[in-house]
$ cat start-v1.csv   # CSV, C-alpha atoms
chain,number,residue,atom,x,y,z
A,13,MET,CA,-14.6,26.9,-5.1
A,14,ALA,CA,-11.8,25.1,-3.3
A,15,ILE,CA,-9.0,23.9,-5.6
A,16,ASP,CA,-8.3,20.2,-5.5
A,17,PRO,CA,-4.7,19.9,-4.3
A,18,ARG,CA,-3.9,17.5,-7.1
A,19,TYR,CA,-4.4,20.3,-9.6
A,20,LEU,CA,-2.0,22.5,-7.6
A,21,THR,CA,0.6,19.7,-7.6
A,22,PHE,CA,0.2,19.1,-11.3
A,23,GLY,CA,0.5,22.8,-12.0
A,24,GLU,CA,3.6,23.2,-9.8
A,25,ALA,CA,5.3,20.3,-11.4
A,26,MET,CA,4.4,21.6,-14.9
A,27,ALA,CA,5.7,25.1,-14.1
A,28,PHE,CA,8.9,23.7,-12.6
A,29,ARG,CA,9.6,21.5,-15.6
A,30,ARG,CA,8.8,24.4,-18.0
A,31,ARG,CA,11.4,26.6,-16.2
A,32,GLN,CA,13.9,23.8,-16.3
A,33,LEU,CA,13.5,23.8,-20.1
A,34,LYS,CA,13.7,27.6,-20.1
A,35,LEU,CA,10.4,27.9,-21.8
A,36,LYS,CA,8.0,30.8,-21.4
A,37,GLN,CA,4.3,30.1,-20.8
A,38,SER,CA,3.6,31.3,-24.3
A,39,ASP,CA,6.2,28.9,-25.8
A,40,LEU,CA,4.5,26.0,-24.1
A,41,ALA,CA,1.1,27.3,-25.1
A,42,ALA,CA,2.1,27.3,-28.7
A,43,ARG,CA,3.5,23.8,-28.6
A,44,VAL,CA,0.2,22.4,-27.2
A,45,ARG,CA,-2.1,24.7,-29.0
A,46,MET,CA,-3.6,26.3,-26.0
A,47,SER,CA,-3.8,29.9,-24.9
A,48,ARG,CA,-1.1,31.3,-22.6
A,49,ALA,CA,-3.9,32.2,-20.1
A,50,SER,CA,-4.9,28.5,-19.9
A,51,ILE,CA,-1.3,27.5,-19.3
A,52,ALA,CA,-1.0,30.1,-16.6
A,53,ASN,CA,-4.3,29.0,-15.0
A,54,ILE,CA,-3.3,25.3,-15.1
A,55,GLU,CA,0.1,26.1,-13.5
A,56,ARG,CA,-1.7,27.8,-10.6
A,57,GLY,CA,-4.2,25.0,-10.2
A,58,ARG,CA,-7.1,27.1,-11.2
A,59,GLN,CA,-8.1,25.2,-14.3
A,60,ASN,CA,-9.0,21.6,-14.4
A,61,VAL,CA,-6.8,20.0,-17.0
A,62,LEU,CA,-8.3,17.6,-19.6
A,63,LEU,CA,-6.6,14.3,-20.2
A,64,HIS,CA,-5.5,15.1,-23.8
A,65,HIS,CA,-4.1,18.4,-22.6
A,66,ALA,CA,-2.2,16.6,-19.8
A,67,CYS,CA,-0.8,14.2,-22.3
A,68,ASP,CA,0.2,17.0,-24.7
A,69,ILE,CA,1.7,19.0,-22.0
A,70,ALA,CA,3.8,16.1,-20.7
A,71,ALA,CA,5.1,15.4,-24.2
A,72,ALA,CA,5.8,19.1,-24.8
A,73,LEU,CA,7.8,19.1,-21.6
A,74,GLN,CA,9.8,16.1,-22.8
A,75,LEU,CA,8.4,13.8,-20.1
A,76,ALA,CA,8.0,10.2,-21.0
A,77,ARG,CA,5.0,9.8,-18.8
A,78,VAL,CA,2.1,11.9,-17.7
A,79,ASP,CA,2.8,10.3,-14.4
A,80,ASP,CA,5.7,12.6,-13.9
A,81,LEU,CA,3.4,15.5,-13.4
A,82,LEU,CA,1.0,13.7,-11.1
A,83,PRO,CA,1.2,13.9,-7.3
A,84,ALA,CA,3.3,11.1,-5.9
A,85,GLU,CA,1.1,8.8,-3.9
A,86,PRO,CA,2.0,5.7,-2.0
A,87,ARG,CA,1.9,2.9,-4.6
A,88,ALA,CA,-0.5,0.9,-2.5
A,89,SER,CA,-3.2,3.4,-2.0
A,90,LEU,CA,-5.3,2.9,-5.1
A,91,GLU,CA,-5.1,-0.9,-5.1
A,92,ASP,CA,-5.7,-1.1,-1.4
A,93,GLN,CA,-9.3,-0.3,-2.0
A,94,VAL,CA,-9.8,-3.0,-4.5
A,95,LEU,CA,-7.5,-5.8,-3.1
A,96,ALA,CA,-9.8,-8.6,-2.1
A,97,VAL,CA,-8.3,-11.0,0.3
A,98,SER,CA,-9.5,-14.5,1.2
A,99,ALA,CA,-9.2,-14.1,4.9
A,100,ASP,CA,-9.4,-11.3,7.4
A,101,VAL,CA,-6.1,-9.5,7.6
A,102,SER,CA,-5.0,-6.2,9.2
A,103,ALA,CA,-4.8,-3.1,7.1
A,104,LYS,CA,-1.0,-3.3,7.5
A,105,ALA,CA,-1.0,-6.9,6.2
A,106,LYS,CA,-3.1,-5.8,3.3
A,107,ALA,CA,-0.6,-3.1,2.5
A,108,GLN,CA,2.2,-5.6,2.7
A,109,LEU,CA,0.4,-7.9,0.3
A,110,THR,CA,-0.3,-5.1,-2.1
A,111,ASP,CA,3.3,-4.2,-2.2
A,112,MET,CA,4.2,-7.8,-2.7
A,113,ILE,CA,1.9,-8.0,-5.7
A,114,ALA,CA,3.2,-4.8,-7.2
A,115,ASN,CA,6.8,-6.0,-6.8
A,116,ALA,CA,5.9,-9.4,-8.3
A,117,LEU,CA,4.3,-7.7,-11.3
A,118,ALA,CA,7.4,-5.5,-11.7
A,119,ALA,CA,9.7,-8.5,-11.5
A,120,ALA,CA,7.6,-10.7,-13.8
A,121,PRO,CA,9.7,-11.7,-16.8
A,122,ALA,CA,7.9,-11.3,-20.2
A,123,LYS,CA,7.5,-15.0,-20.4
A,124,ALA,CA,5.5,-15.1,-17.2
A,125,ARG,CA,2.8,-13.2,-19.0
A,126,PRO,CA,0.3,-14.9,-21.3
B,14,MET,CA,-10.1,-33.6,-6.1
B,15,ASN,CA,-9.0,-35.1,-2.8
B,16,SER,CA,-5.8,-35.4,-0.9
B,17,GLU,CA,-4.7,-38.4,-2.9
B,18,THR,CA,-5.1,-36.7,-6.3
B,19,ALA,CA,-3.3,-33.7,-4.8
B,20,ARG,CA,-0.4,-36.0,-3.8
B,21,ALA,CA,-0.4,-37.5,-7.3
B,22,ALA,CA,-0.2,-34.0,-8.8
B,23,ALA,CA,2.9,-33.3,-6.6
B,24,ARG,CA,4.5,-36.6,-7.7
B,25,ARG,CA,4.0,-35.7,-11.4
B,26,ILE,CA,5.9,-32.5,-10.8
B,27,VAL,CA,8.7,-34.3,-9.0
B,28,GLU,CA,9.0,-36.7,-11.9
B,29,GLU,CA,8.8,-34.0,-14.6
B,30,PHE,CA,11.4,-31.7,-13.1
B,31,PRO,CA,13.0,-34.2,-12.3
B,32,VAL,CA,13.9,-34.3,-8.6
B,33,ARG,CA,16.5,-36.9,-7.9
B,34,SER,CA,17.7,-36.2,-4.4
B,35,ALA,CA,16.8,-34.3,-1.2
B,36,PRO,CA,16.4,-31.5,-0.5
B,37,VAL,CA,13.8,-30.8,-3.1
B,38,PRO,CA,14.7,-27.5,-4.9
B,39,VAL,CA,11.2,-26.1,-4.4
B,40,GLU,CA,12.2,-22.6,-5.3
B,41,ARG,CA,13.6,-23.7,-8.7
B,42,ILE,CA,10.6,-25.9,-9.3
B,43,VAL,CA,8.3,-22.9,-8.8
B,44,LYS,CA,10.3,-20.7,-11.1
B,45,SER,CA,10.6,-23.3,-13.8
B,46,ARG,CA,6.8,-23.3,-13.9
B,47,GLY,CA,6.8,-19.5,-14.7
B,48,ILE,CA,5.5,-18.5,-11.3
B,49,VAL,CA,6.9,-15.3,-9.8
B,50,LEU,CA,8.2,-15.9,-6.3
B,51,GLN,CA,8.4,-13.0,-3.8
B,52,TYR,CA,9.8,-12.8,-0.3
B,53,ALA,CA,8.8,-10.0,2.0
B,54,PRO,CA,8.3,-9.5,5.7
B,55,LEU,CA,4.6,-10.2,6.5
B,56,ALA,CA,2.6,-10.1,9.7
B,57,ASP,CA,3.6,-13.2,11.7
B,58,ASP,CA,0.3,-15.0,11.4
B,59,LEU,CA,0.6,-14.9,7.6
B,60,SER,CA,2.6,-17.7,6.0
B,61,GLY,CA,2.2,-16.7,2.4
B,62,MET,CA,-0.2,-16.0,-0.5
B,63,ALA,CA,-1.1,-17.1,-4.0
B,64,PHE,CA,-2.6,-14.8,-6.5
B,65,ILE,CA,-3.0,-14.4,-10.3
B,66,ARG,CA,-3.1,-10.9,-11.6
B,67,ASP,CA,-3.0,-9.9,-15.3
B,68,GLY,CA,-2.1,-13.5,-16.1
B,69,VAL,CA,1.0,-13.3,-13.8
B,70,ARG,CA,1.0,-16.1,-11.3
B,71,ILE,CA,2.4,-15.0,-8.0
B,72,ILE,CA,3.5,-16.7,-4.8
B,73,GLY,CA,4.4,-14.6,-1.8
B,74,VAL,CA,6.3,-15.9,1.2
B,75,ASN,CA,6.8,-14.5,4.7
B,76,ALA,CA,10.5,-13.8,4.7
B,77,LEU,CA,10.5,-13.6,8.5
B,78,HIS,CA,9.7,-17.3,9.0
B,79,HIS,CA,12.2,-20.1,9.3
B,80,PRO,CA,13.6,-21.2,5.9
B,81,ASN,CA,12.1,-24.7,6.4
B,82,ARG,CA,8.8,-23.2,7.0
B,83,GLN,CA,9.2,-21.0,3.9
B,84,ARG,CA,9.8,-24.1,1.8
B,85,PHE,CA,6.6,-25.6,3.0
B,86,THR,CA,4.8,-22.4,2.4
B,87,ILE,CA,6.1,-22.3,-1.2
B,88,GLY,CA,4.9,-25.9,-1.7
B,89,HIS,CA,1.6,-25.1,-0.3
B,90,GLU,CA,1.1,-22.0,-2.4
B,91,LEU,CA,2.3,-23.9,-5.5
B,92,ALA,CA,-0.5,-26.4,-4.7
B,93,HIS,CA,-3.1,-23.6,-4.9
B,94,HIS,CA,-1.7,-22.6,-8.4
B,95,GLU,CA,-1.6,-26.2,-9.7
B,96,LEU,CA,-4.8,-27.6,-8.1
B,97,HIS,CA,-7.3,-24.8,-8.2
B,98,PRO,CA,-6.1,-21.6,-9.9
B,99,GLU,CA,-9.7,-20.5,-10.4
B,100,HIS,CA,-9.7,-19.6,-6.8
B,101,LEU,CA,-6.8,-17.2,-7.2
B,102,LEU,CA,-8.3,-14.8,-9.7
B,103,GLU,CA,-10.8,-12.8,-7.8
B,104,LYS,CA,-9.1,-12.6,-4.4
B,105,VAL,CA,-5.6,-12.8,-3.0
B,106,HIS,CA,-5.5,-16.1,-1.4
B,107,VAL,CA,-3.7,-15.7,1.9
B,108,ASP,CA,-2.6,-18.5,4.1
B,109,LYS,CA,-2.5,-18.1,7.8
B,110,THR,CA,-0.5,-20.6,9.9
B,111,PHE,CA,-0.9,-24.0,8.4
B,112,ARG,CA,-2.2,-26.8,10.6
B,113,VAL,CA,0.4,-29.4,9.6
B,114,MET,CA,0.9,-30.3,13.2
B,115,MET,CA,-2.6,-31.7,13.4
B,116,ARG,CA,-1.9,-35.3,12.5
B,117,ASP,CA,-5.1,-37.0,13.4
B,118,ASP,CA,-8.1,-36.8,11.1
B,119,LEU,CA,-10.3,-35.3,13.8
B,120,ALA,CA,-8.2,-32.2,14.0
B,121,GLN,CA,-8.6,-31.7,10.3
B,122,GLN,CA,-12.3,-31.7,10.4
B,123,GLY,CA,-13.6,-28.2,9.8
B,124,VAL,CA,-10.5,-27.3,7.9
B,125,ASP,CA,-11.1,-26.1,4.3
B,126,PRO,CA,-10.6,-29.1,2.0
B,127,LEU,CA,-8.6,-26.9,-0.4
B,128,GLU,CA,-6.1,-26.3,2.4
B,129,VAL,CA,-6.0,-30.0,3.4
B,130,GLN,CA,-5.2,-30.8,-0.3
B,131,ALA,CA,-2.6,-28.1,-0.5
B,132,ASN,CA,-0.8,-29.5,2.6
B,133,ALA,CA,-0.9,-33.0,1.2
B,134,PHE,CA,0.6,-31.7,-2.0
B,135,ALA,CA,3.3,-29.7,-0.3
B,136,ALA,CA,4.3,-32.6,1.9
B,137,GLU,CA,4.5,-34.9,-1.1
B,138,LEU,CA,6.5,-32.3,-3.1
B,139,LEU,CA,9.0,-31.7,-0.3
B,140,MET,CA,9.2,-35.3,0.8
B,141,PRO,CA,8.5,-37.3,-2.3
B,142,HIS,CA,7.6,-41.0,-1.8
B,143,GLU,CA,10.5,-42.1,-4.0
B,144,LEU,CA,13.1,-40.3,-1.9
B,145,ILE,CA,11.6,-41.2,1.5
B,146,LYS,CA,10.8,-44.8,1.0
B,147,ASP,CA,14.4,-45.9,1.2
B,148,LEU,CA,15.1,-44.0,4.3
B,149,VAL,CA,12.0,-45.3,6.0
B,150,GLY,CA,12.8,-48.8,4.9
B,151,GLU,CA,11.0,-51.5,6.8
B,152,GLY,CA,9.7,-49.3,9.5
B,153,LEU,CA,10.3,-46.1,11.3
B,154,ASP,CA,9.7,-45.3,14.9
B,155,LEU,CA,7.9,-41.9,15.0
B,156,ASP,CA,9.3,-41.5,18.5
B,157,ASP,CA,12.9,-41.8,17.3
B,158,ASP,CA,13.6,-38.1,17.6
B,159,ALA,CA,17.3,-38.2,16.6
B,160,ARG,CA,16.5,-40.1,13.4
B,161,LEU,CA,13.6,-37.8,12.5
B,162,ASP,CA,15.7,-34.7,13.1
B,163,ALA,CA,18.4,-36.1,10.8
B,164,MET,CA,15.8,-36.8,8.1
B,165,ALA,CA,14.1,-33.4,8.5
B,166,ARG,CA,17.6,-31.7,8.0
B,167,LYS,CA,18.2,-33.8,4.9
B,168,PHE,CA,14.9,-32.7,3.4
B,169,ARG,CA,15.1,-29.2,4.8
B,170,VAL,CA,11.7,-29.4,6.4
B,171,SER,CA,10.5,-29.0,9.9
B,172,THR,CA,10.2,-32.2,12.0
B,173,SER,CA,6.4,-31.5,12.4
B,174,ALA,CA,6.1,-31.4,8.6
B,175,LEU,CA,8.0,-34.7,8.5
B,176,ARG,CA,5.9,-36.3,11.1
B,177,TYR,CA,2.8,-35.2,9.2
B,178,ARG,CA,4.2,-36.7,6.0
B,179,LEU,CA,5.1,-40.0,7.7
B,180,GLY,CA,1.7,-40.2,9.3
B,181,VAL,CA,0.3,-40.3,5.8
B,182,ARG,CA,1.1,-43.8,4.4
B,183,GLY,CA,2.5,-44.0,1.0
$ encode --input "start-v1.csv" --output "structure tokens"
Amino acid sequence: MAIDPRYLTFGEAMAFRRRQLKLKQSDLAARVRMSRASIANIERGRQNVLLHHACDIAAALQLARVDDLLPAEPRASLEDQVLAVSADVSAKAKAQLTDMIANALAAAPAKARP
Amino acid sequence: MNSETARAAARRIVEEFPVRSAPVPVERIVKSRGIVLQYAPLADDLSGMAFIRDGVRIIGVNALHHPNRQRFTIGHELAHHELHPEHLLEKVHVDKTFRVMMRDDLAQQGVDPLEVQANAFAAELLMPHELIKDLVGEGLDLDDDARLDAMARKFRVSTSALRYRLGVRG
């Protein structure tokens, strides 16, 4: 079975961070109550990680967000698929609009929210 | 809702803010209403957009266009937020080149009434009746290019937008 490249990326990021913190696979395993074999498999992309494991692993690796272990994707990609636009525009224009909206949401002061 | 009620909505905003002199601070007006304003380079045929996501009201403006045109775009997008926000929830409302140059009624046939109203609103907002009436005085020759240019500069609008505004009585 082919490994989804996202699990490889996740595993690599996880292993990199673990070494940064000078932890052994067994140390990390103990912190998240998983077997060392599972940690090894996840690091090599051979085990599909569950959401609660991903959250626990990120926390054990002192990362504020699970995001930090996820493959970097262009911010627009996901929203591109769902962004409905009132007129026909090019794919490039759609990407520009998507970025514009993302930036607006990032810039929105708390009072602009309901 | 028609163009007259659209203009009335713009006049209310001018009074509330309040706007006392030209040029109308359209950017500050938008921000004072809690709308997030974004400038970014967009494809040339796109003037701007209006959208509401997660309760955040957004206006986007093509940063590559002339500043006067950007001001009109902001007014036009503000109109969409003020007049019919329900159209901004499902889809990003994008505005391609506005047809403000079309002064006669015939040319506006076939144009979406929401866009006609938004243009009427924007023109009233940027060139409010109260500020323009003194300048126009007893009468104004629409062919007096020098005078129109001077007025357009004062209001920081394009001369075509000004001609559109003056073509509308009131």
$ interface_residues --input "start-v1.csv" --of "chain B" --to "chain A" --cutoff "10 Å" --atoms "all atoms listed in the file" --output "number ranges by chain"
B: 44, 46-59, 61-74, 100-109
$ atom_distance --input "start-v1.csv" --atom1 "atom CA of B:Pro141" --atom2 "atom CA of B:Val27"
7.3 Å
$ closest_residue --input "start-v1.csv" --among "A:Arg29, A:Arg58, A:Lys34, A:Arg18" --to "A:Ala71" --atoms "only C-alpha atoms"
A:Arg29
$ residues_around --input "start-v1.csv" --residues "B:Glu137" --least-positions-apart "5" --cutoff "8 Å" --atoms "all atoms listed in the file" --output "PyMOL selection string"
chain B and resi 20+23-24+142+178
$ write_last_selection --input "start-v1.csv" --atoms "C-alpha atoms" --output "short mmCIF file (atom, residue, chain, number, x, y, z; two decimals), in the coordinates of the input"
data_model
loop_
_atom_site.label_atom_id
_atom_site.label_comp_id
_atom_site.auth_asym_id
_atom_site.auth_seq_id
_atom_site.Cartn_x
_atom_site.Cartn_y
_atom_site.Cartn_z
CA ARG B 20 -0.40 -36.00 -3.80
CA ALA B 23 2.90 -33.30 -6.60
CA ARG B 24 4.50 -36.60 -7.70
CA HIS B 142 7.60 -41.00 -1.80
CA ARG B 178 4.20 -36.70 6.00
#
$ atom_distance --input "start-v1.csv" --atom1 "atom CA of A:Leu62" --atom2 "atom CA of A:Phe28"
19.5 Å
